[in-house]
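Colleague: Structure in structure tokens, see below.
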Amino acid sequence: MQITVNNCKLIDVCTIDEKDRGILSFFEVGKHIDFPVKRIYWIYNVGKNIKRGGHAHKNTIQVLFCLQGNINIYIDDGVNNMNIVLDKPNQGLLISPMIWHDMKGFSRDTIILVFASEHYDANDYIRNYDEFLKLAGKKE
Ligand code: T46
């Protein structure tokens with residue numbers, strides 16, 4: 001899938017499929033992901049029709065993996081937007097700073113694993129869409 005939202009991309013990680021032995025997937029920082037990972041978090045047990053996200057980050061870069069189940073991620077750079085379905089444990093979505101994102105369409109078994117470039121900082125979040133557009137230079 002062609003991603004048309006600024007600097008976001010899908011990352012297919014290395015995957016070793018040994019049939020009955022199972023599948024091992026991995027990425028290496030500095031080789032497949034070019035930011036230092038400072039924080040890892042995961043989201044699971046999300047109820048039906050729940051929407052999460054609804055913000056952009058000023059500085060944080062993230063890669064999201066859906067290890068189990070599926071999820072619909074809306075990404076928006078203030079001009080272009082699109083919906084991405086993540087449903088493969090070996091495909092991640094890189095979300096750059098200054099990308100508005102929402103997550104919905106969780107299945108009860110969905111597990112999201114996120115690798116982030118920064119420690120948690122509530123001040124890094126932009127939670128108002130108009131403020132996001134202004135800071136992104138897309139609105140007066
Ligand atoms: C994002 C999307 C994809 C912490 O204390 N430390 C953390 O590292 C994180 C990620 C969150 N929190 C606290 C902040 C809130 O009190 O956990 C609570 C729930 O966080 P939030 O409502 O921001 O969760 P989501 O699912 O809306 O967003 C999360 C990440 O916060 C966000 O960075 O990009 O997942």
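How things are named: the first chain in the structure tokens is A, the next is B, and so on; residues count from 1 in each chain; ligands count from 1 in the order shown.
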When the cut-off is 8 Å and you count only C-alpha atoms and all ligand atoms, which residues lie near ligand 1, shown as a PyMOL selection string?
Modeller: chain A and resi 39-43+51-57+60+62+64+101-103+114+119-122+125
Colleague: Within 9 Å of region 1-7 of chain A, which residues of region 52-127 of chain A come that close, and what is the closest atom pair and distance in Å for each? Count only C-alpha atoms and give it as a tab-separated table.
Modeller:
```
residue	atom	partner	partner_atom	distance
A:Ile75	CA	A:Val5	CA	7.0
A:Asp76	CA	A:Val5	CA	6.4
A:Asp77	CA	A:Val5	CA	5.9
A:Gly78	CA	A:Val5	CA	9.0
A:Val79	CA	A:Val5	CA	8.2
A:Asn80	CA	A:Val5	CA	5.5
A:Asn81	CA	A:Val5	CA	5.9
A:Met82	CA	A:Val5	CA	7.2
A:Ile84	CA	A:Ile3	CA	8.8
A:Leu94	CA	A:Asn7	CA	8.2
A:Ile95	CA	A:Asn7	CA	7.5
A:Ser96	CA	A:Asn7	CA	6.1
A:Pro97	CA	A:Asn7	CA	8.9
A:Ile99	CA	A:Asn6	CA	7.8
```
Colleague: Between A:Arg108, A:Lys134, A:Lys88, A:Lys19, which residue has the minimum interatomic distance to Gly47 (chain A), considering only C-alpha atoms?
Modeller: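 Of A:Arg108, A:Lys134, A:Lys88, A:Lys19, the one nearest Gly47 (chain A) is A:Arg108, counting only C-alpha atoms.
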Colleague: Just the number, please: distance in Å from CA of Ile111 (chain A) to CA of Tyr129 (chain A), one decimal.
Modeller: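 About the pair CA of Ile111 (chain A) and CA of Tyr129 (chain A): they are 26.6 Å apart.
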Colleague: Could you name the residues that touch Ile11 (chain A) at 9 Å or less, counting only C-alpha atoms, but leaving out those on the same chain fewer than 3 positions away, as a PyMOL selection string?
Modeller: chain A and resi 32-33+63+90-94
Colleague: Show me, as a ChimeraX atom specification, the residues that have an atom within 9 Å of Asp109 (chain A) when counting only C-alpha atoms, minus same-chain residues fewer than 5 positions from it.
Modeller: /A:44-46,68-70
Colleague: Would you write out those residues with N, CA and C atoms, as a short mmCIF file (atom, residue, chain, number, x, y, z; two decimals), in the first residue's frame?
Modeller:
```cif
data_model
loop_
_atom_site.label_atom_id
_atom_site.label_comp_id
_atom_site.auth_asym_id
_atom_site.auth_seq_id
_atom_site.Cartn_x
_atom_site.Cartn_y
_atom_site.Cartn_z
N TYR A 44 -3.98 -3.38 25.05
CA TYR A 44 -4.74 -4.61 24.83
C TYR A 44 -6.03 -4.55 25.64
N ASN A 45 -6.90 -5.51 25.39
CA ASN A 45 -8.18 -5.62 26.10
C ASN A 45 -9.05 -4.37 25.88
N VAL A 46 -9.07 -3.89 24.65
CA VAL A 46 -9.85 -2.70 24.31
C VAL A 46 -11.27 -3.14 23.92
N GLN A 68 -1.57 -9.07 17.49
CA GLN A 68 -2.71 -10.01 17.46
C GLN A 68 -3.97 -9.22 17.16
N GLY A 69 -4.91 -9.81 16.42
CA GLY A 69 -6.15 -9.14 16.09
C GLY A 69 -5.92 -8.12 14.98
N ASN A 70 -6.70 -7.06 15.00
CA ASN A 70 -6.53 -6.04 13.97
C ASN A 70 -6.94 -4.68 14.51
#
```
Colleague: Would you return as a list of chain:residue names the members of chain A that DSSP assigns to helix (DSSP H, G or I) on this structure's backbone?
Modeller: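 Answer for chain A restricted to helix (DSSP H, G or I) is A:Lys19, A:Asp20, A:Arg21, A:Ala122, A:Asn123, A:Asp124, A:Tyr129, A:Asp130, A:Glu131, A:Phe132, A:Leu133, A:Lys134, A:Leu135.
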Colleague: Go ahead and save the residues from that selection, with N, CA and C atoms, as a short mmCIF file (atom, residue, chain, number, x, y, z; two decimals), in the first residue's frame.
Modeller:
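Final output, selection_34.cif:
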```cif
data_model
loop_
_atom_site.label_atom_id
_atom_site.label_comp_id
_atom_site.auth_asym_id
_atom_site.auth_seq_id
_atom_site.Cartn_x
_atom_site.Cartn_y
_atom_site.Cartn_z
N LYS A 19 7.82 -23.04 9.59
CA LYS A 19 6.67 -23.95 9.53
C LYS A 19 6.22 -24.37 10.93
N ASP A 20 6.27 -25.65 11.25
CA ASP A 20 5.75 -26.09 12.54
C ASP A 20 6.52 -25.51 13.73
N ARG A 21 7.76 -25.08 13.51
CA ARG A 21 8.53 -24.47 14.61
C ARG A 21 8.02 -23.08 14.94
N ALA A 122 3.73 14.28 28.72
CA ALA A 122 2.37 14.76 28.38
C ALA A 122 2.43 16.03 27.53
N ASN A 123 3.52 16.81 27.67
CA ASN A 123 3.64 18.06 26.90
C ASN A 123 3.99 17.82 25.43
N ASP A 124 4.32 16.58 25.10
CA ASP A 124 4.63 16.27 23.70
C ASP A 124 3.35 16.03 22.88
N TYR A 129 -7.32 19.46 17.50
CA TYR A 129 -7.03 19.37 16.06
C TYR A 129 -6.72 20.74 15.46
N ASP A 130 -7.43 21.79 15.89
CA ASP A 130 -7.14 23.13 15.36
C ASP A 130 -5.74 23.59 15.73
N GLU A 131 -5.35 23.28 16.98
CA GLU A 131 -3.99 23.63 17.42
C GLU A 131 -2.97 22.86 16.59
N PHE A 132 -3.28 21.60 16.31
CA PHE A 132 -2.39 20.78 15.47
C PHE A 132 -2.22 21.43 14.10
N LEU A 133 -3.34 21.85 13.48
CA LEU A 133 -3.26 22.46 12.14
C LEU A 133 -2.42 23.75 12.18
N LYS A 134 -2.59 24.52 13.24
CA LYS A 134 -1.82 25.77 13.35
C LYS A 134 -0.33 25.47 13.50
N LEU A 135 0.00 24.53 14.41
CA LEU A 135 1.41 24.20 14.64
C LEU A 135 2.04 23.55 13.41
#
```
Colleague: Would you please work out which residue, of A:Asn49, A:Lys9, A:Asn72, A:Pro89, is nearest to Ser25 (chain A) when using only C-alpha atoms?
Modeller: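 Using only C-alpha atoms, the shortest distance to Ser25 (chain A) belongs to A:Pro89.
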Colleague: Report the distance between CA of Ile61 (chain A) and CA of Ser107 (chain A) in Å, rounded to one decimal place.
Modeller: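 Atom-to-atom, CA of Ile61 (chain A) to CA of Ser107 (chain A), that is 25.1 Å.
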Colleague: Any idea what the distance is between CA of Cys14 (chain A) and CA of Met98 (chain A)?
Modeller: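 Here the two named atoms are 27.7 Å from each other.
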Colleague: So which residues of chain A fall under strand (DSSP E or B) by DSSP, listed as a PyMOL selection string?
Modeller: chain A and resi 9-12+14-17+23-26+29+33+39-44+52-57+62-68+71-76+81-86+91-95+100-104+111-116+125-126
Colleague: Which is closest to Arg127 (chain A) among A:Phe35, A:Phe65, A:Phe115, A:Trp100, if we use only C-alpha atoms?
Modeller: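 Distance minimum relative to Arg127 (chain A) lands on A:Trp100.
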Colleague: Ranking A:Asn128, A:Tyr74, A:Cys66, A:Glu140 by minimum distance to Thr110 (chain A) and counting only C-alpha atoms, which one comes first?
Modeller: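 Smallest separation from Thr110 (chain A) among the options: A:Cys66.
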Colleague: Select, from A:Leu86, A:Ala136, A:Val29, A:Ile71, the residue with the minimum atom-to-atom distance to Lys48 (chain A), counting only C-alpha atoms.
Modeller: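 Smallest separation from Lys48 (chain A) among the options: A:Ile71.
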